[in-house]
$ cat start39.cif   # mmCIF, C-alpha atoms
data_coords
loop_
_atom_site.label_atom_id
_atom_site.label_comp_id
_atom_site.auth_asym_id
_atom_site.auth_seq_id
_atom_site.Cartn_x
_atom_site.Cartn_y
_atom_site.Cartn_z
CA MET A 1 -19.26 174.51 45.67
CA VAL A 2 -22.44 176.26 44.96
CA ASP A 3 -20.82 178.03 42.05
CA TYR A 4 -19.76 174.71 40.59
CA VAL A 5 -23.34 173.38 40.64
CA ILE A 6 -24.69 176.55 39.05
CA LEU A 7 -22.11 176.40 36.33
CA THR A 8 -22.85 172.77 35.74
CA GLY A 9 -26.62 173.41 35.47
CA THR A 10 -26.09 176.39 33.18
CA ARG A 11 -23.70 174.39 31.12
CA LYS A 12 -26.20 171.54 30.80
CA ARG A 13 -28.90 173.98 29.76
CA ARG A 14 -26.61 175.55 27.18
CA ILE A 15 -25.68 172.17 25.77
CA GLY A 16 -29.32 171.08 25.81
CA THR A 17 -30.41 174.33 24.17
CA SER A 18 -27.66 173.96 21.55
CA ILE A 19 -28.75 170.39 20.82
CA VAL A 20 -32.39 171.42 20.56
CA LEU A 21 -31.49 174.35 18.28
CA MET A 22 -29.32 172.07 16.09
CA LEU A 23 -32.18 169.57 15.84
CA ILE A 24 -34.62 172.36 14.99
CA GLY A 25 -32.11 173.67 12.37
CA ALA A 26 -31.66 170.18 10.91
CA VAL A 27 -35.41 169.54 10.73
CA GLY A 28 -35.99 173.06 9.32
CA GLY A 29 -33.20 172.59 6.74
CA PHE A 30 -34.59 169.19 5.81
CA ALA A 31 -38.11 170.62 5.44
CA TYR A 32 -36.84 173.59 3.39
CA ARG A 33 -34.79 171.30 1.15
CA GLY A 34 -37.87 169.12 0.62
CA TYR A 35 -39.91 172.18 -0.28
CA ALA A 36 -37.23 173.46 -2.68
CA ASP A 37 -36.81 170.00 -4.21
CA SER A 38 -40.54 169.63 -4.73
CA GLY A 39 -40.53 172.90 -6.68
CA ASP A 40 -37.56 171.71 -8.73
CA MET A 41 -39.29 168.39 -9.37
CA ALA A 42 -42.45 170.16 -10.50
CA ASP A 43 -40.40 172.39 -12.83
CA SER A 44 -38.56 169.33 -14.20
CA ASN A 45 -41.84 167.50 -14.74
CA ASN A 46 -43.30 170.50 -16.57
CA LEU A 47 -40.20 170.78 -18.78
CA PHE A 48 -40.39 167.04 -19.52
CA LEU A 49 -44.06 167.33 -20.53
CA GLN A 50 -43.31 170.38 -22.69
CA SER A 51 -40.46 168.57 -24.41
CA ARG A 52 -42.72 165.58 -25.15
CA ILE A 53 -45.30 167.92 -26.70
CA GLU A 54 -42.57 169.64 -28.75
CA VAL A 55 -41.17 166.27 -29.89
CA ARG A 56 -44.66 165.16 -30.97
CA ASP A 57 -45.15 168.42 -32.89
CA LEU A 58 -41.72 168.09 -34.52
CA LYS A 59 -42.46 164.49 -35.54
CA THR A 60 -45.69 165.71 -37.13
CA GLN A 61 -43.77 168.44 -38.97
CA VAL A 62 -41.18 165.93 -40.18
CA ALA A 63 -43.91 163.60 -41.46
CA ASP A 64 -45.60 166.52 -43.27
CA GLN A 65 -42.28 167.59 -44.78
CA LYS A 66 -41.60 164.03 -45.94
CA ASP A 67 -45.00 163.97 -47.65
CA LYS A 68 -44.32 167.33 -49.29
CA PHE A 69 -40.87 166.13 -50.36
CA ALA A 70 -42.32 162.97 -51.91
CA THR A 71 -44.95 165.03 -53.74
CA LEU A 72 -42.34 167.47 -55.02
CA GLN A 73 -40.06 164.64 -56.07
CA THR A 74 -42.90 163.07 -58.05
CA LYS A 75 -43.60 166.41 -59.71
CA ILE A 76 -39.91 166.86 -60.54
CA GLU A 77 -39.75 163.40 -62.08
CA GLY A 78 -42.81 164.25 -64.19
CA VAL A 79 -41.31 167.54 -65.31
CA GLN A 80 -38.01 165.83 -66.06
CA ALA A 81 -39.76 163.17 -68.15
CA ALA A 82 -41.70 165.85 -70.03
CA LEU A 83 -38.50 167.80 -70.63
CA GLU A 84 -36.72 164.71 -71.93
CA ALA A 85 -39.69 164.01 -74.22
CA ILE A 86 -39.51 167.44 -75.84
CA THR A 87 -35.71 167.70 -75.79
CA PRO A 88 -34.27 164.54 -77.32
CA SER A 89 -30.70 163.45 -76.74
CA GLU A 90 -27.98 164.30 -79.21
CA ASN A 91 -28.25 162.25 -82.40
CA THR A 92 -31.62 160.86 -81.27
CA TYR A 93 -34.57 161.41 -83.57
CA ASN A 94 -38.31 160.74 -83.31
CA ILE A 95 -39.64 159.85 -86.73
CA SER A 96 -43.36 159.54 -87.48
CA PRO A 97 -44.75 157.05 -90.03
CA ASN A 98 -44.35 158.12 -93.68
CA LYS A 99 -42.14 161.04 -92.68
CA SER A 100 -38.43 161.56 -93.31
CA MET A 101 -35.67 163.79 -92.02
CA ILE A 102 -32.09 164.63 -92.86
CA VAL A 103 -29.69 163.64 -90.09
CA GLY A 104 -26.01 162.87 -89.55
CA GLY A 105 -24.80 166.30 -90.53
CA GLY A 106 -26.77 166.19 -93.76
CA ARG A 107 -25.30 162.85 -94.83
CA LEU A 108 -28.36 160.65 -94.20
CA THR A 109 -31.99 160.87 -95.18
CA ILE A 110 -34.01 158.61 -92.90
CA GLY A 111 -37.69 157.86 -93.36
CA LEU A 112 -40.16 155.57 -91.64
CA ILE A 113 -42.10 153.46 -94.13
CA GLY A 114 -45.59 152.88 -92.74
CA SER A 115 -46.40 152.36 -89.08
CA PRO A 116 -44.15 150.13 -86.97
CA THR A 117 -45.29 146.54 -86.49
CA ASN A 118 -44.93 144.32 -83.44
CA GLU A 119 -41.70 142.85 -84.81
CA GLY A 120 -39.92 145.96 -86.05
CA VAL A 121 -39.90 149.00 -88.30
CA ASN A 122 -39.31 149.56 -92.02
CA ILE A 123 -36.71 152.28 -92.39
CA ASN A 124 -35.61 153.94 -95.61
CA ILE A 125 -32.00 155.15 -95.34
CA ASN A 126 -30.74 157.11 -98.35
CA GLY A 127 -33.22 155.31 -100.60
CA GLN A 128 -32.44 151.79 -99.31
CA PRO A 129 -35.22 150.00 -97.33
CA HIS A 130 -34.21 148.16 -94.15
CA PHE A 131 -36.22 146.19 -91.59
CA ALA A 132 -34.98 146.49 -87.97
CA ALA A 133 -36.09 145.62 -84.46
CA VAL A 134 -35.22 147.39 -81.20
CA GLY A 135 -31.46 147.34 -80.66
CA ASP A 136 -30.60 146.57 -84.31
CA THR A 137 -27.87 148.68 -85.87
CA ILE A 138 -27.76 149.41 -89.58
CA SER A 139 -24.35 150.45 -90.97
CA VAL A 140 -24.29 152.71 -94.01
CA ALA A 141 -21.09 153.54 -95.89
CA ILE A 142 -21.54 156.98 -97.44
CA ASP A 143 -18.05 156.99 -98.94
CA PRO A 144 -14.73 155.39 -97.96
CA ALA A 145 -14.00 158.23 -95.52
CA THR A 146 -17.42 158.31 -93.80
CA ALA A 147 -19.37 155.52 -92.12
CA CYS A 148 -22.75 156.07 -90.50
CA GLN A 149 -24.81 153.93 -88.18
CA VAL A 150 -28.53 154.01 -87.49
CA ARG A 151 -29.74 152.18 -84.40
CA VAL A 152 -33.37 151.57 -83.43
CA LYS A 153 -33.75 152.71 -79.81
CA SER A 154 -37.49 152.10 -79.49
CA PHE A 155 -40.73 152.31 -81.37
CA ASP A 156 -44.44 152.30 -80.84
CA MET A 157 -47.45 152.58 -83.09
CA PHE A 158 -46.99 156.30 -83.71
CA LYS A 159 -43.22 156.83 -83.98
CA ALA A 160 -39.77 155.28 -84.00
CA VAL A 161 -36.86 156.59 -81.96
CA LEU A 162 -33.62 156.27 -83.91
CA ILE A 163 -30.02 157.13 -83.07
CA ALA A 164 -27.99 158.17 -86.10
CA THR A 165 -24.25 158.89 -85.97
CA CYS A 166 -21.65 159.43 -88.63
CA GLY A 167 -17.92 159.17 -88.18
CA ALA A 168 -14.70 158.42 -89.93
CA GLY A 169 -14.79 155.24 -91.98
CA LYS A 170 -12.13 152.58 -92.29
CA PRO A 171 -9.09 153.69 -94.29
#

$ encode --input "start39.cif" --output "structure tokens"
Amino acid sequence: MVDYVILTGTRKRRIGTSIVLMLIGAVGGFAYRGYADSGDMADSNNLFLQSRIEVRDLKTQVADQKDKFATLQTKIEGVQAALEAITPSENTYNISPNKSMIVGGGRLTIGLIGSPTNEGVNININGQPHFAAVGDTISVAIDPATACQVRVKSFDMFKAVLIATCGAGKP
């Protein structure tokens, strides 16, 4: 009987020791996990703050690039307008007052008589005077096989912009 009591006491101590060790392990594991999680949380917080700073910097860069793009686009539009001013379209002619030029493949001699007025321009086409406003088209029959048209595109005080084309006439 004595052996049974000793075994029972030893067994109780072993169970008690096991329970205490498991509780110490659980509390230690919980404390370690809290420590590890706090480090992870600090790292996550630092990464979040860094990403906010990077996003702010990138937004600033995007705004700067938009400004540069708008500036470059304005410059391109200016260059394009200047290029169009010095390189007229096909069959488009800038004629100064009291000047003439041969156009339409050598078929027409067009001259601007005096400066344009508010209402229109006086145009001499192959020796025939015509008065025209913006958008007016003057038809000129060179011969039965050739018909030409002169249209007033625009004018100002210093020049008239005319479009002159010649094509096959009516048979």

$ resolve_selection --input "start39.cif" --expression "the PyMOL selection byres ((chain A and resi 126) around 7)" --output "list of chain:residue names"
A:Leu108, A:Thr109, A:Ile110, A:Asn124, A:Ile125, A:Gly127, A:Gln128

$ resolve_selection --input "start39.cif" --expression "the PyMOL selection byres ((chain A and resi 134) around 8)" --output "list in words"
Gly120, Ala132, Ala133, Gly135, Asp136, Arg151, Val152, Lys153, Ser154 and Phe155 of chain A

$ resolve_selection --input "start39.cif" --expression "the PyMOL selection byres ((chain A and resi 148) around 9)" --output "PyMOL selection string"
chain A and resi 104+107-108+138-142+146-147+149-150+164-169

$ atom_distance --input "start39.cif" --atom1 "CA of Gln50 in chain A" --atom2 "CA of Ser38 in chain A"
18.2 Å

$ closest_residue --input "start39.cif" --among "A:Asp43, A:Asp156, A:Asp67, A:Asp143" --to "Asn118 in chain A" --atoms "all atoms listed in the file"
A:Asp156

$ closest_residue --input "start39.cif" --among "A:Lys99, A:Arg56, A:Lys68, A:His130" --to "Phe158 in chain A" --atoms "only C-alpha atoms"
A:Lys99

$ atom_distance --input "start39.cif" --atom1 "CA of Ser89 in chain A" --atom2 "CA of Val103 in chain A"
13.4 Å

$ atom_distance --input "start39.cif" --atom1 "CA of Gln73 in chain A" --atom2 "CA of Asp57 in chain A"
24.0 Å

$ closest_residue --input "start39.cif" --among "A:Ile86, A:Ala81, A:Met157, A:Ile102" --to "Thr117 in chain A" --atoms "only C-alpha atoms"
A:Met157

$ closest_residue --input "start39.cif" --among "A:Ala82, A:Ala145, A:Leu21, A:Ala160" --to "Ile113 in chain A" --atoms "only C-alpha atoms"
A:Ala160
